[in-house]
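Colleague: What follows is the file final_12.cif, containing mmCIF, C-alpha atoms:
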data_data
#
loop_
_atom_site.label_atom_id
_atom_site.label_comp_id
_atom_site.auth_asym_id
_atom_site.auth_seq_id
_atom_site.Cartn_x
_atom_site.Cartn_y
_atom_site.Cartn_z
CA ALA A 1 -18.69 6.24 15.22
CA TYR A 2 -15.21 4.73 15.21
CA VAL A 3 -16.58 1.20 15.54
CA ASP A 4 -18.95 1.86 12.61
CA ARG A 5 -16.06 3.16 10.49
CA PHE A 6 -13.98 0.12 11.47
CA ASN A 7 -16.77 -2.25 10.40
CA THR A 8 -17.13 -0.35 7.11
CA GLU A 9 -13.39 -0.61 6.45
CA LEU A 10 -13.47 -4.34 7.20
CA LYS A 11 -16.21 -4.71 4.62
CA LEU A 12 -14.39 -2.57 2.02
CA LEU A 13 -11.24 -4.65 2.55
CA GLY A 14 -13.18 -7.90 2.18
CA ALA A 15 -12.48 -8.88 5.77
CA ASN A 16 -15.98 -8.70 7.21
CA LYS A 17 -16.08 -12.51 7.50
CA ILE A 18 -13.29 -12.43 10.08
CA LYS A 19 -15.20 -12.82 13.33
CA VAL A 20 -13.81 -9.93 15.36
CA GLU A 21 -15.32 -6.85 16.87
CA LEU A 22 -14.12 -3.68 18.51
CA VAL A 23 -15.51 -3.05 21.96
CA LYS A 24 -14.98 -0.12 24.26
CA SER A 25 -12.43 -1.03 26.90
CA LYS A 26 -12.18 2.19 28.89
CA ALA A 27 -12.14 5.95 28.68
CA LEU A 28 -9.01 7.88 29.46
CA LYS A 29 -9.12 11.69 29.74
CA GLY A 30 -12.07 11.98 27.40
CA THR A 31 -10.72 9.47 24.89
CA VAL A 32 -12.50 6.17 24.44
CA LEU A 33 -10.15 3.21 24.04
CA HIS A 34 -11.15 0.05 22.21
CA LYS A 35 -9.99 -3.53 22.23
CA LEU A 36 -10.34 -6.22 19.65
CA GLN A 37 -12.07 -9.44 20.58
CA LEU A 38 -13.47 -12.49 18.87
CA LYS A 39 -17.20 -12.31 18.14
CA ASP A 40 -19.39 -14.65 20.15
CA ALA A 41 -16.39 -16.21 21.92
CA ASN A 42 -17.29 -18.07 25.11
CA THR A 43 -13.77 -17.86 26.47
CA ASN A 44 -11.17 -15.18 26.90
CA VAL A 45 -8.99 -16.42 24.05
CA SER A 46 -6.74 -13.73 22.63
CA VAL A 47 -7.31 -12.62 19.07
CA GLU A 48 -3.56 -12.93 18.40
CA SER A 49 -3.60 -16.64 19.21
CA ILE A 50 -6.40 -17.39 16.73
CA LEU A 51 -5.91 -15.13 13.72
CA SER A 52 -3.24 -15.57 11.06
CA GLU A 53 -0.63 -12.90 10.41
CA GLY A 54 -2.51 -11.82 7.28
CA GLU A 55 -5.81 -11.55 9.16
CA ARG A 56 -4.15 -9.46 11.86
CA ARG A 57 -2.61 -7.22 9.18
CA ILE A 58 -5.94 -6.63 7.39
CA ILE A 59 -7.65 -5.86 10.71
CA SER A 60 -4.86 -3.44 11.64
CA LEU A 61 -5.23 -1.72 8.29
CA ALA A 62 -9.01 -1.43 8.79
CA ALA A 63 -8.47 0.06 12.27
CA PHE A 64 -5.91 2.53 10.92
CA LEU A 65 -8.14 3.64 8.04
CA ALA A 66 -11.15 3.94 10.34
CA ASP A 67 -9.10 6.19 12.59
CA VAL A 68 -7.63 8.53 9.97
CA THR A 69 -10.07 8.70 7.05
CA HIS A 70 -12.60 10.76 8.97
CA ASN A 71 -10.00 13.40 9.83
CA PRO A 72 -10.83 16.68 8.07
CA ILE A 73 -7.11 17.36 7.51
CA ILE A 74 -6.28 15.72 4.20
CA SER A 75 -2.74 14.51 4.67
CA PRO A 76 -0.97 11.95 2.49
CA PHE A 77 -0.88 8.28 3.34
CA ILE A 78 2.45 6.47 3.22
CA PHE A 79 2.46 2.67 3.23
CA ASP A 80 5.39 0.30 3.32
CA ASP A 81 4.45 -2.93 1.56
CA PRO A 82 0.82 -2.91 2.75
CA ILE A 83 0.00 -6.31 1.25
CA SER A 84 2.72 -8.47 2.79
CA SER A 85 1.30 -11.54 4.58
CA LEU A 86 -2.02 -11.20 2.74
CA ASP A 87 -3.60 -13.71 0.40
CA GLN A 88 -4.44 -12.78 -3.21
CA SER A 89 -8.03 -11.78 -2.45
CA PHE A 90 -7.03 -9.44 0.38
CA GLU A 91 -4.18 -8.02 -1.73
CA GLU A 92 -6.61 -7.05 -4.48
CA ARG A 93 -9.11 -5.52 -2.04
CA VAL A 94 -6.39 -3.51 -0.27
CA VAL A 95 -5.09 -2.13 -3.55
CA MET A 96 -8.60 -1.16 -4.66
CA ARG A 97 -9.21 0.55 -1.29
CA LEU A 98 -5.94 2.48 -1.54
CA ALA A 99 -6.82 3.48 -5.10
CA GLU A 100 -10.18 4.79 -3.84
CA LEU A 101 -8.38 6.75 -1.12
CA ALA A 102 -6.12 8.25 -3.80
CA LYS A 103 -9.12 10.09 -5.23
CA ASP A 104 -9.05 12.44 -2.24
CA ARG A 105 -5.47 12.39 -1.01
CA GLN A 106 -1.98 11.42 -2.02
CA VAL A 107 -1.14 7.77 -1.39
CA ILE A 108 2.53 6.79 -1.41
CA ILE A 109 3.39 3.10 -1.40
CA PHE A 110 6.85 1.64 -0.96
CA THR A 111 7.34 -1.95 -2.07
CA HIS A 112 9.85 -4.39 -3.45
CA ARG A 113 7.09 -6.57 -4.87
CA LEU A 114 6.44 -6.34 -8.58
CA SER A 115 3.09 -8.09 -8.00
CA LEU A 116 1.93 -5.05 -6.01
CA LEU A 117 2.89 -2.73 -8.87
CA SER A 118 0.89 -4.91 -11.25
CA LEU A 119 -2.14 -4.78 -8.95
CA ILE A 120 -1.86 -0.99 -8.70
CA ASP A 121 -1.59 -0.65 -12.48
CA ALA A 122 -4.68 -2.86 -12.88
CA ALA A 123 -6.68 -0.87 -10.29
CA VAL A 124 -5.77 2.45 -11.92
CA LYS A 125 -6.70 1.09 -15.35
CA THR A 126 -10.04 -0.23 -14.05
CA MET A 127 -10.88 3.15 -12.53
CA LYS A 128 -9.78 4.96 -15.69
CA ASP A 129 -11.89 2.65 -17.91
CA LYS A 130 -14.98 3.13 -15.72
CA ALA A 131 -14.55 6.92 -15.81
CA SER A 132 -13.99 6.86 -19.57
CA GLU A 133 -17.29 4.99 -20.08
CA HIS A 134 -19.03 8.03 -18.56
CA GLY A 135 -16.91 10.57 -20.43
CA LEU A 136 -14.95 11.52 -17.30
CA PRO A 137 -11.21 11.93 -16.85
CA ALA A 138 -9.21 9.33 -14.95
CA PRO A 139 -9.90 9.82 -11.22
CA ILE A 140 -6.33 8.96 -10.23
CA ILE A 141 -2.91 8.75 -11.80
CA ALA A 142 -0.17 6.39 -10.67
CA ASN A 143 3.47 7.40 -10.91
CA THR A 144 6.14 4.80 -10.35
CA GLU A 145 9.63 5.69 -9.24
CA THR A 146 12.37 3.12 -8.84
CA LEU A 147 14.71 3.62 -5.90
CA ARG A 148 18.11 2.01 -5.82
CA LYS A 149 21.00 1.59 -3.43
CA LEU A 150 24.48 2.52 -4.57
CA GLY A 151 27.25 1.79 -2.10
CA ASN A 152 26.22 3.32 1.20
CA ASP A 153 23.66 5.62 -0.41
CA ALA A 154 20.07 4.41 -0.47
CA GLY A 155 16.97 5.97 -2.01
CA ILE A 156 18.60 7.03 -5.27
CA VAL A 157 15.94 7.57 -7.92
CA ALA A 158 16.75 5.36 -10.90
CA LYS A 159 15.93 6.93 -14.25
CA LEU A 160 16.07 3.57 -15.96
CA SER A 161 12.98 1.45 -15.40
CA LEU A 162 13.52 -2.14 -16.47
CA ARG A 163 10.52 -3.61 -14.70
CA ASP A 164 8.50 -4.09 -17.87
CA ALA A 165 11.35 -5.08 -20.19
CA LYS A 166 12.14 -8.60 -21.34
CA PRO A 167 15.34 -9.91 -19.70
CA ALA A 168 17.43 -9.93 -22.91
CA LYS A 169 16.31 -6.41 -23.83
CA ALA A 170 16.88 -5.15 -20.27
CA ILE A 171 20.38 -6.62 -20.08
CA SER A 172 21.22 -5.16 -23.48
CA ARG A 173 20.02 -1.75 -22.35
CA ILE A 174 21.99 -1.97 -19.10
CA THR A 175 25.23 -2.95 -20.83
CA GLY A 176 24.79 -0.71 -23.87
CA GLU A 177 23.33 2.43 -22.28
CA PHE A 178 23.35 2.52 -18.50
CA LEU A 179 26.80 1.13 -17.67
CA PRO A 180 28.65 3.34 -20.21
CA GLN A 181 26.95 6.40 -18.68
CA LEU A 182 28.01 5.30 -15.20
CA LYS A 183 31.57 4.67 -16.37
CA LYS A 184 31.74 8.13 -17.96
CA HIS A 185 30.50 9.83 -14.76
CA PHE A 186 32.94 7.78 -12.68
CA GLU A 187 35.93 8.63 -14.95
CA ASN A 188 34.99 12.34 -14.90
CA GLY A 189 34.81 12.26 -11.09
CA ASP A 190 31.20 13.46 -11.10
CA ALA A 191 29.94 11.69 -7.96
CA ASP A 192 26.52 13.36 -8.00
CA LEU A 193 25.67 12.20 -11.51
CA TYR A 194 27.29 8.82 -10.84
#
How would this structure read if it were set down as C-alpha coordinates?
Modeller:
Amino acid sequence: AYVDRFNTELKLLGANKIKVELVKSKALKGTVLHKLQLKDANTNVSVESILSEGERRIISLAAFLADVTHNPIISPFIFDDPISSLDQSFEERVVMRLAELAKDRQVIIFTHRLSLLSLIDAAVKTMKDKASEHGLPAPIIANTETLRKLGNDAGIVAKLSLRDAKPAKAISRITGEFLPQLKKHFENGDADLY
(Lines of atoms letter the chains of each structure in order from A and count residues from 1; the text may use other names and numbers.)
(Lines give C-alpha, C1' and ligand atoms only; values in the text may rest on other atoms or scores of the structure.)
Protein backbone atom coordinates (compact mmCIF):
# COMPACT_ATOMS: atom_id res chain seq x y z
CA ALA A 1 0.00 0.00 0.00
CA TYR A 2 2.87 2.36 0.83
CA VAL A 3 4.55 1.71 -2.52
CA ASP A 4 1.26 2.43 -4.31
CA ARG A 5 0.86 5.70 -2.38
CA PHE A 6 4.47 6.61 -3.19
CA ASN A 7 3.88 6.03 -6.91
CA THR A 8 0.69 8.11 -6.74
CA GLU A 9 2.54 10.97 -5.04
CA LEU A 10 5.30 10.82 -7.66
CA LYS A 11 2.64 11.18 -10.33
CA LEU A 12 0.86 14.04 -8.53
CA LEU A 13 4.19 15.84 -8.15
CA GLY A 14 5.02 15.35 -11.83
CA ALA A 15 7.97 13.12 -11.00
CA ASN A 16 6.72 9.81 -12.38
CA LYS A 17 9.26 10.03 -15.23
CA ILE A 18 12.13 9.73 -12.75
CA LYS A 19 13.10 6.08 -13.07
CA VAL A 20 13.09 4.99 -9.44
CA GLU A 21 11.12 2.49 -7.47
CA LEU A 22 10.62 1.55 -3.86
CA VAL A 23 11.32 -2.06 -3.04
CA LYS A 24 10.99 -3.90 0.23
CA SER A 25 14.39 -4.25 1.84
CA LYS A 26 13.53 -6.07 5.07
CA ALA A 27 11.03 -6.36 7.87
CA LEU A 28 11.93 -5.28 11.36
CA LYS A 29 9.58 -6.05 14.27
CA GLY A 30 6.52 -6.10 12.06
CA THR A 31 7.51 -3.00 10.10
CA VAL A 32 8.41 -3.32 6.45
CA LEU A 33 11.37 -1.18 5.41
CA HIS A 34 11.86 0.04 1.86
CA LYS A 35 14.80 1.19 -0.19
CA LEU A 36 14.93 3.33 -3.26
CA GLN A 37 16.56 1.95 -6.38
CA LEU A 38 16.82 2.80 -10.04
CA LYS A 39 14.28 1.04 -12.26
CA ASP A 40 15.67 -1.57 -14.61
CA ALA A 41 19.26 -0.89 -13.52
CA ASN A 42 21.68 -3.68 -14.40
CA THR A 43 24.20 -2.58 -11.80
CA ASN A 44 24.14 -1.66 -8.16
CA VAL A 45 24.58 2.06 -8.80
CA SER A 46 23.31 4.20 -5.94
CA VAL A 47 20.37 6.48 -6.58
CA GLU A 48 22.25 9.35 -4.91
CA SER A 49 25.04 9.18 -7.48
CA ILE A 50 22.66 9.46 -10.44
CA LEU A 51 19.85 11.82 -9.43
CA SER A 52 20.15 15.59 -9.12
CA GLU A 53 19.52 17.35 -5.83
CA GLY A 54 16.11 18.48 -7.09
CA GLU A 55 15.14 14.95 -8.14
CA ARG A 56 16.18 13.61 -4.74
CA ARG A 57 14.13 16.35 -3.05
CA ILE A 58 10.98 15.61 -5.07
CA ILE A 59 11.34 11.88 -4.38
CA SER A 60 11.81 12.57 -0.66
CA LEU A 61 8.70 14.72 -0.66
CA ALA A 62 6.72 11.96 -2.41
CA ALA A 63 7.95 9.40 0.15
CA PHE A 64 7.03 11.72 3.03
CA LEU A 65 3.55 12.43 1.67
CA ALA A 66 2.96 8.74 0.94
CA ASP A 67 3.85 7.97 4.54
CA VAL A 68 1.73 10.61 6.29
CA THR A 69 -1.28 11.35 4.09
CA HIS A 70 -2.95 8.03 4.84
CA ASN A 71 -2.75 8.63 8.59
CA PRO A 72 -6.26 9.07 10.03
CA ILE A 73 -4.97 11.71 12.47
CA ILE A 74 -5.26 15.00 10.62
CA SER A 75 -2.29 16.98 11.86
CA PRO A 76 -0.87 20.09 10.22
CA PHE A 77 2.00 19.96 7.77
CA ILE A 78 4.91 22.34 8.24
CA PHE A 79 7.35 22.82 5.38
CA ASP A 80 10.52 24.87 5.28
CA ASP A 81 11.11 26.08 1.72
CA PRO A 82 9.77 22.91 0.07
CA ILE A 83 10.70 24.00 -3.46
CA SER A 84 14.39 24.77 -3.05
CA SER A 85 16.55 22.90 -5.60
CA LEU A 86 13.53 22.23 -7.82
CA ASP A 87 13.00 23.39 -11.38
CA GLN A 88 10.00 25.55 -12.32
CA SER A 89 7.81 22.62 -13.35
CA PHE A 90 8.39 20.73 -10.09
CA GLU A 91 7.90 23.96 -8.09
CA GLU A 92 4.46 24.47 -9.63
CA ARG A 93 3.43 20.83 -9.09
CA VAL A 94 4.59 20.87 -5.45
CA VAL A 95 2.64 24.05 -4.74
CA MET A 96 -0.50 22.61 -6.35
CA ARG A 97 -0.10 19.41 -4.31
CA LEU A 98 0.32 21.37 -1.08
CA ALA A 99 -2.73 23.46 -1.98
CA GLU A 100 -4.72 20.24 -2.48
CA LEU A 101 -3.53 18.99 0.91
CA ALA A 102 -4.70 22.27 2.45
CA LYS A 103 -8.29 21.29 1.68
CA ASP A 104 -8.15 18.71 4.47
CA ARG A 105 -5.50 19.97 6.86
CA GLN A 106 -3.52 23.04 7.78
CA VAL A 107 -0.38 23.54 5.70
CA ILE A 108 2.24 25.95 7.03
CA ILE A 109 5.08 26.94 4.73
CA PHE A 110 8.14 28.92 5.72
CA THR A 111 10.11 30.55 2.92
CA HIS A 112 12.29 33.48 2.05
CA ARG A 113 11.42 33.16 -1.63
CA LEU A 114 8.91 35.61 -3.03
CA SER A 115 8.52 33.32 -6.06
CA LEU A 116 7.01 30.66 -3.77
CA LEU A 117 4.51 33.18 -2.40
CA SER A 118 3.52 34.07 -5.96
CA LEU A 119 3.03 30.40 -6.83
CA ILE A 120 0.89 29.89 -3.72
CA ASP A 121 -1.22 32.95 -4.55
CA ALA A 122 -1.71 31.63 -8.10
CA ALA A 123 -2.67 28.13 -6.88
CA VAL A 124 -5.19 29.53 -4.38
CA LYS A 125 -6.67 31.80 -7.06
CA THR A 126 -6.95 28.89 -9.52
CA MET A 127 -8.75 26.76 -6.95
CA LYS A 128 -11.02 29.66 -5.98
CA ASP A 129 -11.89 30.38 -9.64
CA LYS A 130 -12.71 26.71 -10.32
CA ALA A 131 -14.94 26.55 -7.24
CA SER A 132 -16.62 29.83 -8.19
CA GLU A 133 -17.51 28.42 -11.64
CA HIS A 134 -19.58 25.78 -9.83
CA GLY A 135 -21.06 28.21 -7.31
CA LEU A 136 -18.92 26.87 -4.47
CA PRO A 137 -16.89 28.78 -1.89
CA ALA A 138 -13.10 28.87 -2.11
CA PRO A 139 -11.78 25.49 -0.92
CA ILE A 140 -8.74 27.04 0.78
CA ILE A 141 -7.59 30.39 2.05
CA ALA A 142 -3.98 31.52 2.18
CA ASN A 143 -2.77 33.81 4.93
CA THR A 144 0.66 35.36 4.65
CA GLU A 145 2.59 36.54 7.67
CA THR A 146 5.95 38.26 7.41
CA LEU A 147 8.49 37.36 10.07
CA ARG A 148 11.42 39.61 10.80
CA LYS A 149 14.56 39.59 12.90
CA LEU A 150 15.24 42.50 15.21
CA GLY A 151 18.56 42.39 17.02
CA ASN A 152 18.80 38.99 18.67
CA ASP A 153 15.06 38.37 18.44
CA ALA A 154 13.84 36.35 15.46
CA GLY A 155 10.32 35.43 14.39
CA ILE A 156 8.77 38.83 15.05
CA VAL A 157 5.55 39.18 13.10
CA ALA A 158 5.79 42.27 10.92
CA LYS A 159 2.53 44.16 10.55
CA LEU A 160 3.83 46.01 7.53
CA SER A 161 3.80 43.94 4.35
CA LEU A 162 5.82 45.56 1.60
CA ARG A 163 6.08 42.53 -0.64
CA ASP A 164 3.57 43.80 -3.19
CA ALA A 165 4.51 47.49 -3.07
CA LYS A 166 6.57 49.32 -5.66
CA PRO A 167 10.04 50.20 -4.31
CA ALA A 168 9.47 53.98 -4.18
CA LYS A 169 6.11 53.55 -2.45
CA ALA A 170 7.52 50.98 -0.02
CA ILE A 171 10.48 53.18 0.91
CA SER A 172 8.17 56.14 1.39
CA ARG A 173 5.94 54.09 3.65
CA ILE A 174 8.91 52.81 5.67
CA THR A 175 10.37 56.28 6.20
CA GLY A 176 7.05 58.08 6.66
CA GLU A 177 5.11 55.55 8.72
CA PHE A 178 7.10 52.61 10.03
CA LEU A 179 10.33 54.28 11.20
CA PRO A 180 8.55 57.11 13.09
CA GLN A 181 6.49 54.48 14.95
CA LEU A 182 9.65 52.57 15.85
CA LYS A 183 11.36 55.76 17.01
CA LYS A 184 8.38 56.65 19.21
CA HIS A 185 8.34 53.18 20.83
CA PHE A 186 12.11 53.34 21.35
CA GLU A 187 11.97 56.84 22.94
CA ASN A 188 9.11 55.74 25.23
CA GLY A 189 11.12 52.69 26.31
CA ASP A 190 8.37 50.31 25.17
CA ALA A 191 10.51 47.32 24.13
CA ASP A 192 7.56 45.02 23.45
CA LEU A 193 5.95 47.37 20.95
CA TYR A 194 9.35 48.29 19.52
Colleague: Work out how far apart atom CA of Ala27 of chain A and atom CA of Asn71 of chain A are and give it in Å to one decimal.
Modeller: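 So the answer is 20.4 Å.
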Colleague: Determine the residue set returned by the PyMOL selection byres ((chain A and resi 76) around 8) for the present structure, and present it as a list in words.
Modeller: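 Those residues are Ile74, Ser75, Phe77, Ile78, Arg105, Gln106, Val107 and Ile108 of chain A.
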Colleague: Only C-alpha atoms, please: the residues just picked out, written as a PDB file, in the coordinates of the input.
Modeller:
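Here's the written file out-v5.pdb:
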ATOM      1  CA  ILE A  74      -6.280  15.720   4.200  1.00  0.00           C
ATOM      2  CA  SER A  75      -2.740  14.510   4.670  1.00  0.00           C
ATOM      3  CA  PHE A  77      -0.880   8.280   3.340  1.00  0.00           C
ATOM      4  CA  ILE A  78       2.450   6.470   3.220  1.00  0.00           C
ATOM      5  CA  ARG A 105      -5.470  12.390  -1.010  1.00  0.00           C
ATOM      6  CA  GLN A 106      -1.980  11.420  -2.020  1.00  0.00           C
ATOM      7  CA  VAL A 107      -1.140   7.770  -1.390  1.00  0.00           C
ATOM      8  CA  ILE A 108       2.530   6.790  -1.410  1.00  0.00           C
TER       9      ILE A 108
END
Colleague: Nearest to Glu91 of chain A among A:Ile120, A:Gln37, A:Asn152, A:Leu182, with distances taken over only C-alpha atoms: which residue is it?
Modeller: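 Comparing A:Ile120, A:Gln37, A:Asn152, A:Leu182 against Glu91 of chain A, the winner is A:Ile120.
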Colleague: Would you mind listing what lies within 12 Å of Val95 of chain A as number ranges by chain, with only C-alpha atoms counted and same-chain residues fewer than 2 positions away left out?
Modeller: A: 12-14, 58, 61, 79, 81-84, 86, 88-93, 97-102, 107-109, 115-124, 126-127
Colleague: Go ahead and compute the interatomic distance for atom CA of Glu9 of chain A and atom CA of His134 of chain A, in Å to one decimal.
Modeller: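 According to the coordinates, atom CA of Glu9 of chain A and atom CA of His134 of chain A are separated by 27.1 Å.
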Colleague: Point out the residue among A:Leu33, A:Ala131, A:Lys183, A:Val47 with the least atom-to-atom distance to Lys19 of chain A, counting only C-alpha atoms.
Modeller: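 That would be A:Val47, the residue with the smallest distance to Lys19 of chain A.
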Colleague: Kindly complete segment 128-139 of chain A to all heavy atoms; the output should be written as a PDB file, in the coordinates of the input.
Modeller:
ATOM      1  N   LYS A 128      -9.841   4.109 -14.499  1.00  0.00           N
ATOM      2  CA  LYS A 128      -9.780   4.960 -15.690  1.00  0.00           C
ATOM      3  C   LYS A 128     -10.816   4.507 -16.722  1.00  0.00           C
ATOM      4  O   LYS A 128     -11.522   5.330 -17.306  1.00  0.00           O
ATOM      5  CB  LYS A 128      -8.378   4.908 -16.290  1.00  0.00           C
ATOM      6  CG  LYS A 128      -8.206   5.756 -17.523  1.00  0.00           C
ATOM      7  CD  LYS A 128      -6.787   5.654 -18.062  1.00  0.00           C
ATOM      8  CE  LYS A 128      -6.657   6.465 -19.332  1.00  0.00           C
ATOM      9  NZ  LYS A 128      -5.315   6.358 -19.908  1.00  0.00           N
ATOM     10  N   ASP A 129     -10.918   3.187 -16.941  1.00  0.00           N
ATOM     11  CA  ASP A 129     -11.890   2.650 -17.910  1.00  0.00           C
ATOM     12  C   ASP A 129     -13.324   2.971 -17.498  1.00  0.00           C
ATOM     13  O   ASP A 129     -14.147   3.342 -18.333  1.00  0.00           O
ATOM     14  CB  ASP A 129     -11.707   1.146 -18.079  1.00  0.00           C
ATOM     15  CG  ASP A 129     -10.403   0.780 -18.779  1.00  0.00           C
ATOM     16  OD1 ASP A 129      -9.755   1.681 -19.356  1.00  0.00           O
ATOM     17  OD2 ASP A 129     -10.023  -0.410 -18.731  1.00  0.00           O
ATOM     18  N   LYS A 130     -13.625   2.824 -16.202  1.00  0.00           N
ATOM     19  CA  LYS A 130     -14.980   3.130 -15.720  1.00  0.00           C
ATOM     20  C   LYS A 130     -15.306   4.612 -15.919  1.00  0.00           C
ATOM     21  O   LYS A 130     -16.415   4.967 -16.322  1.00  0.00           O
ATOM     22  CB  LYS A 130     -15.126   2.753 -14.252  1.00  0.00           C
ATOM     23  CG  LYS A 130     -15.279   1.277 -14.020  1.00  0.00           C
ATOM     24  CD  LYS A 130     -15.463   0.956 -12.551  1.00  0.00           C
ATOM     25  CE  LYS A 130     -15.562  -0.537 -12.322  1.00  0.00           C
ATOM     26  NZ  LYS A 130     -15.672  -0.870 -10.898  1.00  0.00           N
ATOM     27  N   ALA A 131     -14.341   5.473 -15.628  1.00  0.00           N
ATOM     28  CA  ALA A 131     -14.550   6.920 -15.810  1.00  0.00           C
ATOM     29  C   ALA A 131     -14.722   7.249 -17.280  1.00  0.00           C
ATOM     30  O   ALA A 131     -15.589   8.052 -17.645  1.00  0.00           O
ATOM     31  CB  ALA A 131     -13.376   7.687 -15.202  1.00  0.00           C
ATOM     32  N   SER A 132     -13.925   6.613 -18.125  1.00  0.00           N
ATOM     33  CA  SER A 132     -13.990   6.860 -19.570  1.00  0.00           C
ATOM     34  C   SER A 132     -15.345   6.478 -20.149  1.00  0.00           C
ATOM     35  O   SER A 132     -15.849   7.150 -21.050  1.00  0.00           O
ATOM     36  CB  SER A 132     -12.871   6.076 -20.256  1.00  0.00           C
ATOM     37  OG  SER A 132     -12.907   6.294 -21.641  1.00  0.00           O
ATOM     38  N   GLU A 133     -15.962   5.410 -19.623  1.00  0.00           N
ATOM     39  CA  GLU A 133     -17.290   4.990 -20.080  1.00  0.00           C
ATOM     40  C   GLU A 133     -18.324   6.097 -19.875  1.00  0.00           C
ATOM     41  O   GLU A 133     -19.305   6.183 -20.605  1.00  0.00           O
ATOM     42  CB  GLU A 133     -17.739   3.741 -19.333  1.00  0.00           C
ATOM     43  CG  GLU A 133     -17.010   2.484 -19.726  1.00  0.00           C
ATOM     44  CD  GLU A 133     -17.397   1.292 -18.848  1.00  0.00           C
ATOM     45  OE1 GLU A 133     -18.324   1.410 -18.013  1.00  0.00           O
ATOM     46  OE2 GLU A 133     -16.752   0.235 -19.005  1.00  0.00           O
ATOM     47  N   HIS A 134     -18.092   6.937 -18.870  1.00  0.00           N
ATOM     48  CA  HIS A 134     -19.030   8.030 -18.560  1.00  0.00           C
ATOM     49  C   HIS A 134     -18.499   9.377 -19.043  1.00  0.00           C
ATOM     50  O   HIS A 134     -19.021  10.420 -18.650  1.00  0.00           O
ATOM     51  CB  HIS A 134     -19.285   8.080 -17.051  1.00  0.00           C
ATOM     52  CG  HIS A 134     -19.879   6.813 -16.511  1.00  0.00           C
ATOM     53  ND1 HIS A 134     -21.157   6.405 -16.798  1.00  0.00           N
ATOM     54  CD2 HIS A 134     -19.354   5.850 -15.713  1.00  0.00           C
ATOM     55  CE1 HIS A 134     -21.398   5.250 -16.200  1.00  0.00           C
ATOM     56  NE2 HIS A 134     -20.321   4.883 -15.540  1.00  0.00           N
ATOM     57  N   GLY A 135     -17.462   9.342 -19.870  1.00  0.00           N
ATOM     58  CA  GLY A 135     -16.910  10.570 -20.430  1.00  0.00           C
ATOM     59  C   GLY A 135     -16.155  11.419 -19.410  1.00  0.00           C
ATOM     60  O   GLY A 135     -16.028  12.625 -19.589  1.00  0.00           O
ATOM     61  N   LEU A 136     -15.665  10.797 -18.354  1.00  0.00           N
ATOM     62  CA  LEU A 136     -14.950  11.520 -17.300  1.00  0.00           C
ATOM     63  C   LEU A 136     -13.453  11.249 -17.391  1.00  0.00           C
ATOM     64  O   LEU A 136     -13.034  10.214 -17.896  1.00  0.00           O
ATOM     65  CB  LEU A 136     -15.473  11.088 -15.931  1.00  0.00           C
ATOM     66  CG  LEU A 136     -16.956  11.317 -15.666  1.00  0.00           C
ATOM     67  CD1 LEU A 136     -17.375  10.641 -14.369  1.00  0.00           C
ATOM     68  CD2 LEU A 136     -17.243  12.814 -15.614  1.00  0.00           C
ATOM     69  N   PRO A 137     -12.655  12.181 -16.871  1.00  0.00           N
ATOM     70  CA  PRO A 137     -11.210  11.930 -16.850  1.00  0.00           C
ATOM     71  C   PRO A 137     -10.865  10.872 -15.804  1.00  0.00           C
ATOM     72  O   PRO A 137     -11.663  10.570 -14.917  1.00  0.00           O
ATOM     73  CB  PRO A 137     -10.618  13.289 -16.462  1.00  0.00           C
ATOM     74  CG  PRO A 137     -11.711  13.982 -15.712  1.00  0.00           C
ATOM     75  CD  PRO A 137     -13.002  13.485 -16.312  1.00  0.00           C
ATOM     76  N   ALA A 138      -9.677  10.334 -15.907  1.00  0.00           N
ATOM     77  CA  ALA A 138      -9.210   9.330 -14.950  1.00  0.00           C
ATOM     78  C   ALA A 138      -9.221   9.940 -13.545  1.00  0.00           C
ATOM     79  O   ALA A 138      -8.720  11.046 -13.344  1.00  0.00           O
ATOM     80  CB  ALA A 138      -7.803   8.869 -15.301  1.00  0.00           C
ATOM     81  N   PRO A 139      -9.812   9.250 -12.564  1.00  0.00           N
ATOM     82  CA  PRO A 139      -9.900   9.820 -11.220  1.00  0.00           C
ATOM     83  C   PRO A 139      -8.572   9.839 -10.472  1.00  0.00           C
ATOM     84  O   PRO A 139      -8.387  10.645  -9.567  1.00  0.00           O
ATOM     85  CB  PRO A 139     -10.901   8.899 -10.509  1.00  0.00           C
ATOM     86  CG  PRO A 139     -10.850   7.614 -11.266  1.00  0.00           C
ATOM     87  CD  PRO A 139     -10.472   7.956 -12.666  1.00  0.00           C
TER      88      PRO A 139
END
